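Visitor: What follows is coords-v9.cif, mmCIF, C-alpha atoms.
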```
data_final
#
loop_
_atom_site.group_PDB
_atom_site.id
_atom_site.type_symbol
_atom_site.label_atom_id
_atom_site.label_comp_id
_atom_site.auth_asym_id
_atom_site.auth_seq_id
_atom_site.Cartn_x
_atom_site.Cartn_y
_atom_site.Cartn_z
ATOM 1 C CA MET A 1 70.047 152.672 135.734
ATOM 2 C CA ALA A 2 69.899 149.933 138.340
ATOM 3 C CA LYS A 3 71.518 150.265 141.717
ATOM 4 C CA GLU A 4 75.071 148.956 141.851
ATOM 5 C CA SER A 5 74.134 146.675 144.738
ATOM 6 C CA MET A 6 71.497 144.945 142.606
ATOM 7 C CA LYS A 7 73.944 144.403 139.762
ATOM 8 C CA ALA A 8 76.540 143.068 142.212
ATOM 9 C CA ARG A 9 73.964 140.717 143.740
ATOM 10 C CA GLU A 10 73.219 139.205 140.326
ATOM 11 C CA VAL A 11 76.937 138.734 139.613
ATOM 12 C CA LYS A 12 77.347 137.027 142.976
ATOM 13 C CA ARG A 13 74.385 134.744 142.234
ATOM 14 C CA SER A 14 75.790 133.722 138.865
ATOM 15 C CA LYS A 15 79.129 132.831 140.459
ATOM 16 C CA THR A 16 77.369 130.752 143.127
ATOM 17 C CA VAL A 17 75.315 128.921 140.496
ATOM 18 C CA ALA A 18 78.463 128.117 138.517
ATOM 19 C CA LYS A 19 80.292 126.961 141.658
ATOM 20 C CA TYR A 20 77.603 124.483 142.714
ATOM 21 C CA ALA A 21 76.464 123.357 139.243
ATOM 22 C CA ALA A 22 78.313 120.028 139.228
ATOM 23 C CA LYS A 23 77.347 119.182 142.811
ATOM 24 C CA ARG A 24 73.738 120.130 142.146
ATOM 25 C CA LYS A 25 73.625 117.944 139.036
ATOM 26 C CA ALA A 26 75.035 114.951 140.920
ATOM 27 C CA LEU A 27 72.530 115.361 143.749
ATOM 28 C CA LYS A 28 69.634 115.619 141.295
ATOM 29 C CA GLU A 29 70.708 112.453 139.475
ATOM 30 C CA ALA A 30 70.999 110.620 142.793
ATOM 31 C CA GLY A 31 67.569 111.900 143.837
ATOM 32 C CA ASP A 32 68.952 113.294 147.081
ATOM 33 C CA SER A 33 66.404 115.969 148.005
ATOM 34 C CA VAL A 34 67.903 116.445 151.485
ATOM 35 C CA GLY A 35 71.302 117.173 149.958
ATOM 36 C CA LEU A 36 69.747 119.668 147.557
ATOM 37 C CA GLN A 37 68.092 121.484 150.444
ATOM 38 C CA LYS A 38 71.446 121.882 152.173
ATOM 39 C CA LEU A 39 72.875 123.820 149.221
ATOM 40 C CA PRO A 40 72.686 127.630 149.403
ATOM 41 C CA LYS A 41 69.482 129.196 148.061
ATOM 42 C CA ASN A 42 71.408 131.210 145.501
ATOM 43 C CA ALA A 43 72.934 128.023 144.060
ATOM 44 C CA SER A 44 69.670 127.458 142.209
ATOM 45 C CA PRO A 45 69.687 128.816 138.639
ATOM 46 C CA VAL A 46 65.985 129.670 138.972
ATOM 47 C CA ARG A 47 66.869 132.556 141.294
ATOM 48 C CA MET A 48 68.932 134.307 138.616
ATOM 49 C CA HIS A 49 67.294 137.186 136.770
ATOM 50 C CA ASN A 50 68.212 138.492 133.320
ATOM 51 C CA ARG A 51 69.482 142.068 133.394
ATOM 52 C CA CYS A 52 70.641 144.521 130.740
ATOM 53 C CA LEU A 53 74.405 144.336 130.298
ATOM 54 C CA LEU A 54 74.758 148.107 130.030
ATOM 55 C CA THR A 55 72.206 149.559 132.433
ATOM 56 C CA GLY A 56 71.243 146.650 134.688
ATOM 57 C CA ARG A 57 67.532 147.138 133.960
ATOM 58 C CA PRO A 58 65.643 143.974 135.008
ATOM 59 C CA LYS A 59 62.514 144.436 132.881
ATOM 60 C CA GLY A 60 62.136 144.522 129.121
ATOM 61 C CA TYR A 61 65.181 142.285 128.621
ATOM 62 C CA MET A 62 65.814 141.103 125.053
ATOM 63 C CA ARG A 63 67.527 137.732 125.322
ATOM 64 C CA GLN A 64 68.826 137.717 121.736
ATOM 65 C CA PHE A 65 70.822 140.919 122.282
ATOM 66 C CA GLY A 66 71.434 140.867 126.049
ATOM 67 C CA VAL A 67 70.135 144.393 126.606
ATOM 68 C CA SER A 68 66.851 145.999 127.637
ATOM 69 C CA ARG A 69 64.371 147.316 125.090
ATOM 70 C CA VAL A 70 65.278 150.918 125.928
ATOM 71 C CA THR A 71 69.008 150.354 125.407
ATOM 72 C CA PHE A 72 68.299 148.288 122.296
ATOM 73 C CA ARG A 73 66.361 151.149 120.731
ATOM 74 C CA GLU A 74 69.124 153.652 121.480
ATOM 75 C CA LEU A 75 71.831 151.380 120.056
ATOM 76 C CA ALA A 76 69.755 150.502 116.982
ATOM 77 C CA ASN A 77 69.068 154.160 116.182
ATOM 78 C CA GLN A 78 72.793 154.886 116.424
ATOM 79 C CA GLY A 79 73.494 151.963 114.067
ATOM 80 C CA LEU A 80 75.602 150.091 116.614
ATOM 81 C CA ILE A 81 73.786 146.756 116.303
ATOM 82 C CA PRO A 82 74.741 144.947 113.087
ATOM 83 C CA GLY A 83 71.844 143.821 110.907
ATOM 84 C CA VAL A 84 69.243 145.967 112.677
ATOM 85 C CA ARG A 85 67.607 148.893 110.907
ATOM 86 C CA LYS A 86 64.639 151.072 111.694
ATOM 87 C CA THR A 87 61.721 150.005 109.559
ATOM 88 C CA SER A 88 59.922 152.268 107.157
ATOM 89 C CA TRP A 89 57.190 151.515 104.627
#
```
Show me, as structure tokens, the structure contained in the file I just sent.

Guide:
Amino acid sequence: MAKESMKAREVKRSKTVAKYAAKRKALKEAGDSVGLQKLPKNASPVRMHNRCLLTGRPKGYMRQFGVSRVTFRELANQGLIPGVRKTSW
């Protein structure tokens, strides 16, 4: 389980990215590099990091499901993810 402060930091970053998205796009189209530098660092979408929706784990993130590999395995074994079954042959 990730620290609550880390999860909150990611939420704050995503809000900042959304807030400055239009302004950032306009500055990029205009080629204004000085204007881009004046934006907050966290306004850049590159600084965002994918985290598990349930645990906040930053590594082993499965983009298709939005959870980490550990959480995915637990949910799949419980049958809570539709269309996913444990393989056997």

Visitor: Please provide as a PDB file with C-alpha atoms, in the frame of the given file all residues within 12 Å of segment 13-19 of chain A, with the sequence filter that same-chain residues fewer than 5 positions apart are discarded (counting only C-alpha atoms).

Guide:
```
ATOM      1  CA  MET A   6      71.497 144.945 142.606  1.00  0.00           C
ATOM      2  CA  LYS A   7      73.944 144.403 139.762  1.00  0.00           C
ATOM      3  CA  ALA A   8      76.540 143.068 142.212  1.00  0.00           C
ATOM      4  CA  ARG A  24      73.738 120.130 142.146  1.00  0.00           C
ATOM      5  CA  LYS A  25      73.625 117.944 139.036  1.00  0.00           C
ATOM      6  CA  LEU A  39      72.875 123.820 149.221  1.00  0.00           C
ATOM      7  CA  PRO A  40      72.686 127.630 149.403  1.00  0.00           C
ATOM      8  CA  LYS A  41      69.482 129.196 148.061  1.00  0.00           C
ATOM      9  CA  ASN A  42      71.408 131.210 145.501  1.00  0.00           C
ATOM     10  CA  ALA A  43      72.934 128.023 144.060  1.00  0.00           C
ATOM     11  CA  SER A  44      69.670 127.458 142.209  1.00  0.00           C
ATOM     12  CA  PRO A  45      69.687 128.816 138.639  1.00  0.00           C
ATOM     13  CA  VAL A  46      65.985 129.670 138.972  1.00  0.00           C
ATOM     14  CA  ARG A  47      66.869 132.556 141.294  1.00  0.00           C
ATOM     15  CA  MET A  48      68.932 134.307 138.616  1.00  0.00           C
ATOM     16  CA  HIS A  49      67.294 137.186 136.770  1.00  0.00           C
ATOM     17  CA  ASN A  50      68.212 138.492 133.320  1.00  0.00           C
ATOM     18  CA  ARG A  51      69.482 142.068 133.394  1.00  0.00           C
TER      19      ARG A  51
END
```

Visitor: My list of candidates is A:Ser33, A:Asn77, A:Ser5, A:Thr87. Which is closest to Gly56 of chain A when distances are computed with all atoms listed in the file?

Guide: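 Closest to Gly56 of chain A of all the choices is A:Ser5.
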
Visitor: Between atom CA of Leu53 of chain A and atom CA of Phe65 of chain A, measure the distance and give it in Å to one decimal.

Guide: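 Taking atom CA of Leu53 of chain A and atom CA of Phe65 of chain A, their separation equals 9.4 Å.
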
Visitor: So how far away is atom CA of Ala2 of chain A from atom CA of Gly83 of chain A, in Å?

Guide: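 So the answer is 28.2 Å.
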
Visitor: Translate the PyMOL selection byres ((chain A and resi 72) around 12) into a concrete residue list for this structure, as a PDB file with C-alpha atoms, keeping the file's coordinate frame.

Guide:
```pdb
ATOM      1  CA  CYS A  52      70.641 144.521 130.740  1.00  0.00           C
ATOM      2  CA  LEU A  53      74.405 144.336 130.298  1.00  0.00           C
ATOM      3  CA  LEU A  54      74.758 148.107 130.030  1.00  0.00           C
ATOM      4  CA  THR A  55      72.206 149.559 132.433  1.00  0.00           C
ATOM      5  CA  ARG A  57      67.532 147.138 133.960  1.00  0.00           C
ATOM      6  CA  GLY A  60      62.136 144.522 129.121  1.00  0.00           C
ATOM      7  CA  TYR A  61      65.181 142.285 128.621  1.00  0.00           C
ATOM      8  CA  MET A  62      65.814 141.103 125.053  1.00  0.00           C
ATOM      9  CA  ARG A  63      67.527 137.732 125.322  1.00  0.00           C
ATOM     10  CA  GLN A  64      68.826 137.717 121.736  1.00  0.00           C
ATOM     11  CA  PHE A  65      70.822 140.919 122.282  1.00  0.00           C
ATOM     12  CA  GLY A  66      71.434 140.867 126.049  1.00  0.00           C
ATOM     13  CA  VAL A  67      70.135 144.393 126.606  1.00  0.00           C
ATOM     14  CA  SER A  68      66.851 145.999 127.637  1.00  0.00           C
ATOM     15  CA  ARG A  69      64.371 147.316 125.090  1.00  0.00           C
ATOM     16  CA  VAL A  70      65.278 150.918 125.928  1.00  0.00           C
ATOM     17  CA  THR A  71      69.008 150.354 125.407  1.00  0.00           C
ATOM     18  CA  ARG A  73      66.361 151.149 120.731  1.00  0.00           C
ATOM     19  CA  GLU A  74      69.124 153.652 121.480  1.00  0.00           C
ATOM     20  CA  LEU A  75      71.831 151.380 120.056  1.00  0.00           C
ATOM     21  CA  ALA A  76      69.755 150.502 116.982  1.00  0.00           C
ATOM     22  CA  ASN A  77      69.068 154.160 116.182  1.00  0.00           C
ATOM     23  CA  GLN A  78      72.793 154.886 116.424  1.00  0.00           C
ATOM     24  CA  GLY A  79      73.494 151.963 114.067  1.00  0.00           C
ATOM     25  CA  LEU A  80      75.602 150.091 116.614  1.00  0.00           C
ATOM     26  CA  ILE A  81      73.786 146.756 116.303  1.00  0.00           C
ATOM     27  CA  PRO A  82      74.741 144.947 113.087  1.00  0.00           C
ATOM     28  CA  VAL A  84      69.243 145.967 112.677  1.00  0.00           C
ATOM     29  CA  ARG A  85      67.607 148.893 110.907  1.00  0.00           C
ATOM     30  CA  LYS A  86      64.639 151.072 111.694  1.00  0.00           C
TER      31      LYS A  86
END
```

Visitor: Given 8 Å of margin on each side, can you work out the centre and size in Å (one decimal) of an axis-aligned box holding every listed atom of segment 39-49 of chain A, as AutoDock Vina command-line options?

Guide:
```
--center_x 69.5 --center_y 130.5 --center_z 143.1 --size_x 22.9 --size_y 29.4 --size_z 28.6
```

Visitor: What gap, in Å, lies between atom CA of Ala21 of chain A and atom CA of Leu36 of chain A?

Guide: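 Atom-to-atom, atom CA of Ala21 of chain A to atom CA of Leu36 of chain A, that is 11.3 Å.
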